[in-house]
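The structure under discussion appears below in the form of structure tokens.
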Amino acid sequence: MDIVVILQAGVATGTVLLFATVGEIFSERAGVLNLGVEGMMLIGAMTGFSVAISTGNPWLGVLAAMLFSGIISQIHAFITITLQADQVVSGLALTFLGAGISLVLGEGLSKAGTVSLLPSMSIPIISQIPIIGSIFFTGQSIMVYIGYLMIPLAWYYINRTRPGLHLRAVGEYPAAADALGINVFQMRYLYVFIGGMLAGLAGATISLAVAPGWFSELTTAGQGWIAVGLVIFAQWDPVRAAVGSYAFGALRRLILDIQGPMLLFGFDNPFYYNPYWGFFLQMLPYAFTIVVLVIGSREAIRKRLGAPAALGNPYIRGERGL
Amino acid sequence: MRKYISRIAVLLVILSMVLAACGPGQPEEVGGFQIPNVEKGKFNVAMVLIGPHDDGGWSQAHYEGLLYVEENVDNVHGAYIENVPEGADSEQVFRALARKGFDLIIGTSFGYMDPMESVAEEYPDLMFIHLTGIKSNTKNFGNLMGAMEDMKYLAGMLAGARAKADGNPKLGYMATFPIPEEIRLGNSIALGMKKTCPECTMDVRWINTWHDPIIEKEAAASLFDAGAQVVFTGADTPAVADVAQEKGKWGVTYDWYGSCKVDACLTAPYWVWGPEYARITKGIIEGTYIPGWDYFDAETGALGLYGFMEGQELTPGVQDLDPAVIAEVEDILAQMLAGDFDRFDVFSGPIYDNQGNLVVPEGEALEQVDLDAFPEYGLDCKYCMKWWADGITAELPE
């Protein structure tokens, strides 16, 4: 068991969670909870793979994935922003819709053949740094590097720029934002769209880079839900989201590699002696998601964690407050 | 206004549900699964699959068996339901199929066993055949399985020779669940491996699923990164060979003859279910088939080793192996197909476990119950299948 190999694999698979989580952070920062991440990721994975196969260009696949998932997310935007319906219900419906659409359109796609994948590369010089270089900068997919760039950019955009300030205002106190002349409705549509695009990017990252192919619902296997949980864990902050995403990515690989050695830190390795222990580790990300969502569903705790104050509430012009 | 809209929405949803339920000729839906209809006047066979019918592995091999039955047995109508999880979901599906009146219901995954047993008891006039399990009521709930250990043994010989030739005597086995079947198949690989490569060892990864292409890829990568030269899969998809291709090593796929496509695929032990299903279906129609523990060997033609069967060519990874090994594999395979070498020859003494204990002494062989059972099943097994053979670097829980 080599920790460097585990972390290296963790960064690669964690990039999927990273895109989805940061996308959901944008949406929630604008006050719109979108539980449809899983569905949008499936749409993205299916679209990306399908377009890459038919055009031979994986970048067109990525583009199409982002676009299609973004468009699908606008259904949620219309229902929750314009029709002011319940965000939880609409988001759940979006999950089913996304899964349904991707399964129907993806019929037969699983054996459509091989596709040219997004390139992998090592960064010269930096990859020579011991440990860090091997984990982050050696043989990773280009999507992983795009992920690295996105973390500080997203943080800077949200916390240090004028549009970022508007974004936060719309999520914290939409009435005040409205009074300042910010178009709350337009902004919310926009950030739901961005959230959808990033979920689509996450899906395409699976099907074109991390685990190439289209495997129906198993392509995402609940990672969209983990992303929703990670948003709360990350306290709506992209940097913390990155830490959580990479950690969960590494856990996926750890579950397997930990079965190898007979001894762990000088003690008998329970994962070597009893395969059932693996079930426990496999359960952790999902158990984590449930716990975080339960905790996050309590208004008081959510406030303390720093949730956008207007999260989950439709903005109705002329009504009081949030 | 808002309330008004949501009320209309709720009404629309209810209305559409009611309309959908009343629609003519709609297949019944149970727990999200479309239950197919029977064709009147025909002998109706339903097959329940754990994965998609085109998974390129286990489920596809069964699906093709069903098509074979439709073509080769008169007056049969076949239907399938795919992606049915084991446990409570499957029980609903089996009950719904029984209610529809399917004459023969085939369940193709280990975890369908208990649900099928209870549904079979409720519908004594229908026939239920379960694969890979260990139970039967000898009336209308039968068990069916084949001696894949024959082919895994030969594949183990090839893999051992390959690893030896490459100078890296290490194999990997991606196992699904700790059940007798998976341990038996792993042991047969190890026995074959030791025959051609006495210094070889085999690493194990448990993945706790039969069908998850992404976890299968990760587990294959885990085994290769830990040093394995050839990796076997016990799960349903050809992921091992794809990962082997990336890593410049070798994979042995499983289940379906079409799974061994890439150059890095050494061979594939596979199933040909058609003839066996046809035999059983005919027997049931004629009233001669008595369900029990039906376990076939290679001479039925239901087992294959990719690259070595009629009309197939050796894969690139096998072609340049020691010709003596290839000749020996061909020889044993010929004996198997002739019925002169079976699972009890694979598991004949002396066999040592990986602790150095003699499991089966010289001159003795395992019996069927030993192949099938853990001691705690309460079956009368002398040796049982709860040990890893010599060379396997893994342990089993007490």
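Chains: A, B, ... in order of the structure tokens. Residues: from 1 per chain. Ligands: from 1, in order shown.
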
TODO: DSSP on the backbone, then: every residue of segment 58-281 of chain A marked helix (DSSP H, G or I), written as a VMD selection string.
DONE: chain A and resid 58 to 82 87 to 105 109 to 111 126 to 128 132 to 136 142 to 160 162 to 172 174 to 179 184 to 210 216 to 219 223 to 233 238 to 257 270 to 273 277 to 281

What are the nearest atom pairs, with distances in Å to one decimal, for all residues of chain B that come at most 7 Å from chain A, using only C-alpha atoms, set out by chain and rising residue number as a Markdown table?
| residue | atom | partner | partner_atom | distance |
| --- | --- | --- | --- | --- |
| B:Arg2 | CA | A:Gln84 | CA | 6.9 |
| B:Arg205 | CA | A:Leu256 | CA | 6.3 |
| B:Trp206 | CA | A:Pro275 | CA | 6.3 |
| B:Asp212 | CA | A:Leu218 | CA | 6.4 |
| B:Pro213 | CA | A:Phe215 | CA | 6.9 |
| B:Ile214 | CA | A:Ala211 | CA | 6.1 |
| B:Glu218 | CA | A:Arg253 | CA | 6.8 |
| B:Ala219 | CA | A:Leu256 | CA | 6.1 |
| B:Ser222 | CA | A:Asp257 | CA | 5.9 |
| B:Ala226 | CA | A:Met1 | CA | 6.9 |
| B:Ala394 | CA | A:Tyr272 | CA | 6.3 |
| B:Glu395 | CA | A:Tyr273 | CA | 4.9 |
| B:Leu396 | CA | A:Asn274 | CA | 5.8 |
| B:Pro397 | CA | A:Asn274 | CA | 4.6 |

Task: Surrounding residues of Asp150 of chain B excluding itself and chain neighbours under 5 positions, 7 Å, only C-alpha atoms, as a PyMOL selection string - done: chain B and resi 342-343+346

Given the selection you just returned, output its residues as a file containing all heavy atoms, formatted as a PDB file, in the first residue's frame.
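Result file follows (part.pdb):
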ATOM      1  N   ASP B 342     -12.644 -33.459 -14.634  1.00  0.00           N
ATOM      2  CA  ASP B 342     -13.687 -32.550 -14.154  1.00  0.00           C
ATOM      3  C   ASP B 342     -13.240 -31.812 -12.904  1.00  0.00           C
ATOM      4  O   ASP B 342     -12.062 -31.833 -12.537  1.00  0.00           O
ATOM      5  CB  ASP B 342     -15.001 -33.295 -13.937  1.00  0.00           C
ATOM      6  CG  ASP B 342     -14.886 -34.374 -12.866  1.00  0.00           C
ATOM      7  OD1 ASP B 342     -13.901 -34.338 -12.098  1.00  0.00           O
ATOM      8  OD2 ASP B 342     -15.777 -35.250 -12.809  1.00  0.00           O
ATOM      9  N   ARG B 343     -14.199 -31.193 -12.250  1.00  0.00           N
ATOM     10  CA  ARG B 343     -13.884 -30.321 -11.114  1.00  0.00           C
ATOM     11  C   ARG B 343     -13.205 -31.079  -9.983  1.00  0.00           C
ATOM     12  O   ARG B 343     -12.419 -30.521  -9.232  1.00  0.00           O
ATOM     13  CB  ARG B 343     -15.145 -29.632 -10.621  1.00  0.00           C
ATOM     14  CG  ARG B 343     -16.290 -30.581 -10.249  1.00  0.00           C
ATOM     15  CD  ARG B 343     -17.569 -29.782 -10.115  1.00  0.00           C
ATOM     16  NE  ARG B 343     -18.702 -30.551  -9.627  1.00  0.00           N
ATOM     17  CZ  ARG B 343     -19.522 -31.260 -10.403  1.00  0.00           C
ATOM     18  NH1 ARG B 343     -19.304 -31.341 -11.704  1.00  0.00           N
ATOM     19  NH2 ARG B 343     -20.551 -31.893  -9.882  1.00  0.00           N
ATOM     20  N   VAL B 346      -9.612 -31.163 -10.666  1.00  0.00           N
ATOM     21  CA  VAL B 346      -8.974 -29.886 -10.319  1.00  0.00           C
ATOM     22  C   VAL B 346      -8.680 -29.872  -8.821  1.00  0.00           C
ATOM     23  O   VAL B 346      -7.576 -29.532  -8.393  1.00  0.00           O
ATOM     24  CB  VAL B 346      -9.887 -28.691 -10.686  1.00  0.00           C
ATOM     25  CG1 VAL B 346      -9.314 -27.395 -10.137  1.00  0.00           C
ATOM     26  CG2 VAL B 346     -10.078 -28.601 -12.190  1.00  0.00           C
TER      27      VAL B 346
END

Open item on the list: I'd like the neighbourhood of Ile194 of chain A as a list in words, where a residue qualifies if any of its atoms comes within 9 Å (using only C-alpha atoms), though same-chain residues fewer than 5 positions away should be ignored.
Closed with: Gly23, Glu24, Phe26, Ser27, Met66, Gly70, Ser73, Tyr189 and Ala199 of chain A

Please identify all polymer residues within 9 Å of Met148 of chain B, counting only C-alpha atoms, omitting same-chain residues fewer than 3 positions from it, and present them as a tab-separated table (two decimals) with all heavy atoms, in the first residue's frame.
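Saved to selection-v7.tsv:
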chain	number	residue	atom	x	y	z
B	145	MET	N	-25.69	-24.60	-11.57
B	145	MET	CA	-24.38	-23.96	-11.66
B	145	MET	C	-23.47	-24.89	-12.45
B	145	MET	O	-23.78	-26.07	-12.63
B	145	MET	CB	-23.84	-23.71	-10.25
B	145	MET	CG	-22.57	-22.87	-10.18
B	145	MET	SD	-22.78	-21.25	-10.98
B	145	MET	CE	-21.14	-20.58	-10.77
B	151	MET	N	-12.33	-24.11	-16.03
B	151	MET	CA	-11.73	-23.13	-16.95
B	151	MET	C	-10.82	-22.15	-16.22
B	151	MET	O	-9.82	-21.69	-16.75
B	151	MET	CB	-12.84	-22.39	-17.71
B	151	MET	CG	-13.65	-23.28	-18.60
B	151	MET	SD	-12.62	-24.11	-19.84
B	151	MET	CE	-13.59	-25.57	-20.17
B	152	LYS	N	-11.20	-21.80	-14.99
B	152	LYS	CA	-10.35	-20.87	-14.22
B	152	LYS	C	-9.01	-21.54	-13.93
B	152	LYS	O	-7.98	-20.88	-13.86
B	152	LYS	CB	-11.04	-20.48	-12.91
B	152	LYS	CG	-12.29	-19.65	-13.11
B	152	LYS	CD	-12.03	-18.16	-12.95
B	152	LYS	CE	-13.30	-17.39	-13.26
B	152	LYS	NZ	-13.25	-15.97	-12.98
B	153	TYR	N	-9.05	-22.85	-13.73
B	153	TYR	CA	-7.82	-23.61	-13.49
B	153	TYR	C	-6.88	-23.49	-14.69
B	153	TYR	O	-5.69	-23.18	-14.54
B	153	TYR	CB	-8.21	-25.07	-13.24
B	153	TYR	CG	-7.08	-26.05	-13.06
B	153	TYR	CD1	-6.31	-26.02	-11.90
B	153	TYR	CD2	-6.82	-27.01	-14.03
B	153	TYR	CE1	-5.29	-26.95	-11.72
B	153	TYR	CE2	-5.80	-27.94	-13.85
B	153	TYR	CZ	-5.04	-27.90	-12.69
B	153	TYR	OH	-4.02	-28.81	-12.51
B	185	LEU	N	-13.36	-20.39	-7.04
B	185	LEU	CA	-12.78	-19.96	-8.30
B	185	LEU	C	-11.38	-19.39	-8.09
B	185	LEU	O	-10.46	-19.64	-8.87
B	185	LEU	CB	-13.69	-18.93	-8.99
B	185	LEU	CG	-15.06	-19.49	-9.41
B	185	LEU	CD1	-15.92	-18.41	-10.05
B	185	LEU	CD2	-14.91	-20.66	-10.36
B	269	PRO	N	-12.22	-17.26	-19.29
B	269	PRO	CA	-13.09	-18.41	-19.03
B	269	PRO	C	-14.53	-17.93	-19.20
B	269	PRO	O	-14.88	-16.87	-18.66
B	269	PRO	CB	-12.81	-18.75	-17.56
B	269	PRO	CG	-11.64	-17.91	-17.15
B	269	PRO	CD	-11.60	-16.73	-18.05
B	270	TYR	N	-15.34	-18.63	-19.99
B	270	TYR	CA	-16.69	-18.09	-20.23
B	270	TYR	C	-17.77	-19.16	-20.24
B	270	TYR	O	-17.49	-20.36	-20.29
B	270	TYR	CB	-16.71	-17.28	-21.53
B	270	TYR	CG	-16.46	-18.06	-22.80
B	270	TYR	CD1	-17.50	-18.70	-23.48
B	270	TYR	CD2	-15.18	-18.13	-23.34
B	270	TYR	CE1	-17.27	-19.40	-24.65
B	270	TYR	CE2	-14.95	-18.83	-24.52
B	270	TYR	CZ	-15.98	-19.47	-25.16
B	270	TYR	OH	-15.76	-20.16	-26.32
B	271	TRP	N	-19.00	-18.66	-20.16
B	271	TRP	CA	-20.17	-19.52	-20.10
B	271	TRP	C	-20.89	-19.55	-21.44
B	271	TRP	O	-20.94	-18.55	-22.14
B	271	TRP	CB	-21.18	-19.00	-19.07
B	271	TRP	CG	-20.65	-18.87	-17.67
B	271	TRP	CD1	-20.12	-17.76	-17.10
B	271	TRP	CD2	-20.64	-19.88	-16.66
B	271	TRP	NE1	-19.77	-18.02	-15.80
B	271	TRP	CE2	-20.08	-19.30	-15.50
B	271	TRP	CE3	-21.06	-21.22	-16.62
B	271	TRP	CZ2	-19.92	-20.02	-14.31
B	271	TRP	CZ3	-20.90	-21.92	-15.44
B	271	TRP	CH2	-20.33	-21.32	-14.30
B	297	ASP	N	-20.37	-29.98	-15.89
B	297	ASP	CA	-18.95	-29.83	-16.18
B	297	ASP	C	-18.76	-29.45	-17.65
B	297	ASP	O	-19.74	-29.21	-18.37
B	297	ASP	CB	-18.19	-31.12	-15.83
B	297	ASP	CG	-17.52	-31.02	-14.47
B	297	ASP	OD1	-16.60	-30.21	-14.34
B	297	ASP	OD2	-17.97	-31.73	-13.54
B	298	ALA	N	-17.49	-29.42	-18.07
B	298	ALA	CA	-17.19	-28.89	-19.40
B	298	ALA	C	-17.73	-29.73	-20.54
B	298	ALA	O	-17.94	-29.22	-21.64
B	298	ALA	CB	-15.67	-28.74	-19.55
B	303	LEU	N	-19.11	-24.55	-21.08
B	303	LEU	CA	-17.97	-23.78	-20.57
B	303	LEU	C	-16.96	-23.59	-21.70
B	303	LEU	O	-16.80	-24.46	-22.56
B	303	LEU	CB	-17.29	-24.53	-19.42
B	303	LEU	CG	-18.14	-24.85	-18.20
B	303	LEU	CD1	-17.39	-25.79	-17.27
B	303	LEU	CD2	-18.53	-23.58	-17.48
B	304	GLY	N	-16.27	-22.47	-21.67
B	304	GLY	CA	-15.29	-22.22	-22.71
B	304	GLY	C	-14.08	-21.49	-22.16
B	304	GLY	O	-14.13	-20.87	-21.10
B	343	ARG	N	-14.20	-31.19	-12.25
B	343	ARG	CA	-13.88	-30.32	-11.11
B	343	ARG	C	-13.21	-31.08	-9.98
B	343	ARG	O	-12.42	-30.52	-9.23
B	343	ARG	CB	-15.14	-29.63	-10.62
B	343	ARG	CG	-16.29	-30.58	-10.25
B	343	ARG	CD	-17.57	-29.78	-10.12
B	343	ARG	NE	-18.70	-30.55	-9.63
B	343	ARG	CZ	-19.52	-31.26	-10.40
B	343	ARG	NH1	-19.30	-31.34	-11.70
B	343	ARG	NH2	-20.55	-31.89	-9.88

- [ ] Give me the residues within 8 Å of Gln92 of chain B as number ranges by chain, counting only C-alpha atoms and dropping any in the same chain fewer than 4 places off.
- [x] B: 30-31, 88, 96

TODO: Tell me, as a PyMOL selection string, which residues lie within 12 Å of Lys249 of chain B, counting only C-alpha atoms; anything in the same chain fewer than 3 positions away does not count.
DONE: chain B and resi 159+162-163+166+168+170-172+220-221+223-225+227-232+240-246+252+262-266+317

Open item on the list: Taking the DSSP secondary structure from the backbone, can you list the residues of segment 107-338 of chain B that are strand (DSSP E), as JSON, numbers by chain?
Closed with: {"B": [107, 127, 128, 129, 130, 131, 141, 142, 143, 144, 145, 146, 170, 171, 172, 173, 174, 175, 201, 202, 203, 204, 205, 206, 230, 231, 232, 233, 250, 251, 252, 265, 266, 267, 269, 270, 271, 293, 294, 295, 296, 303, 304, 305]}
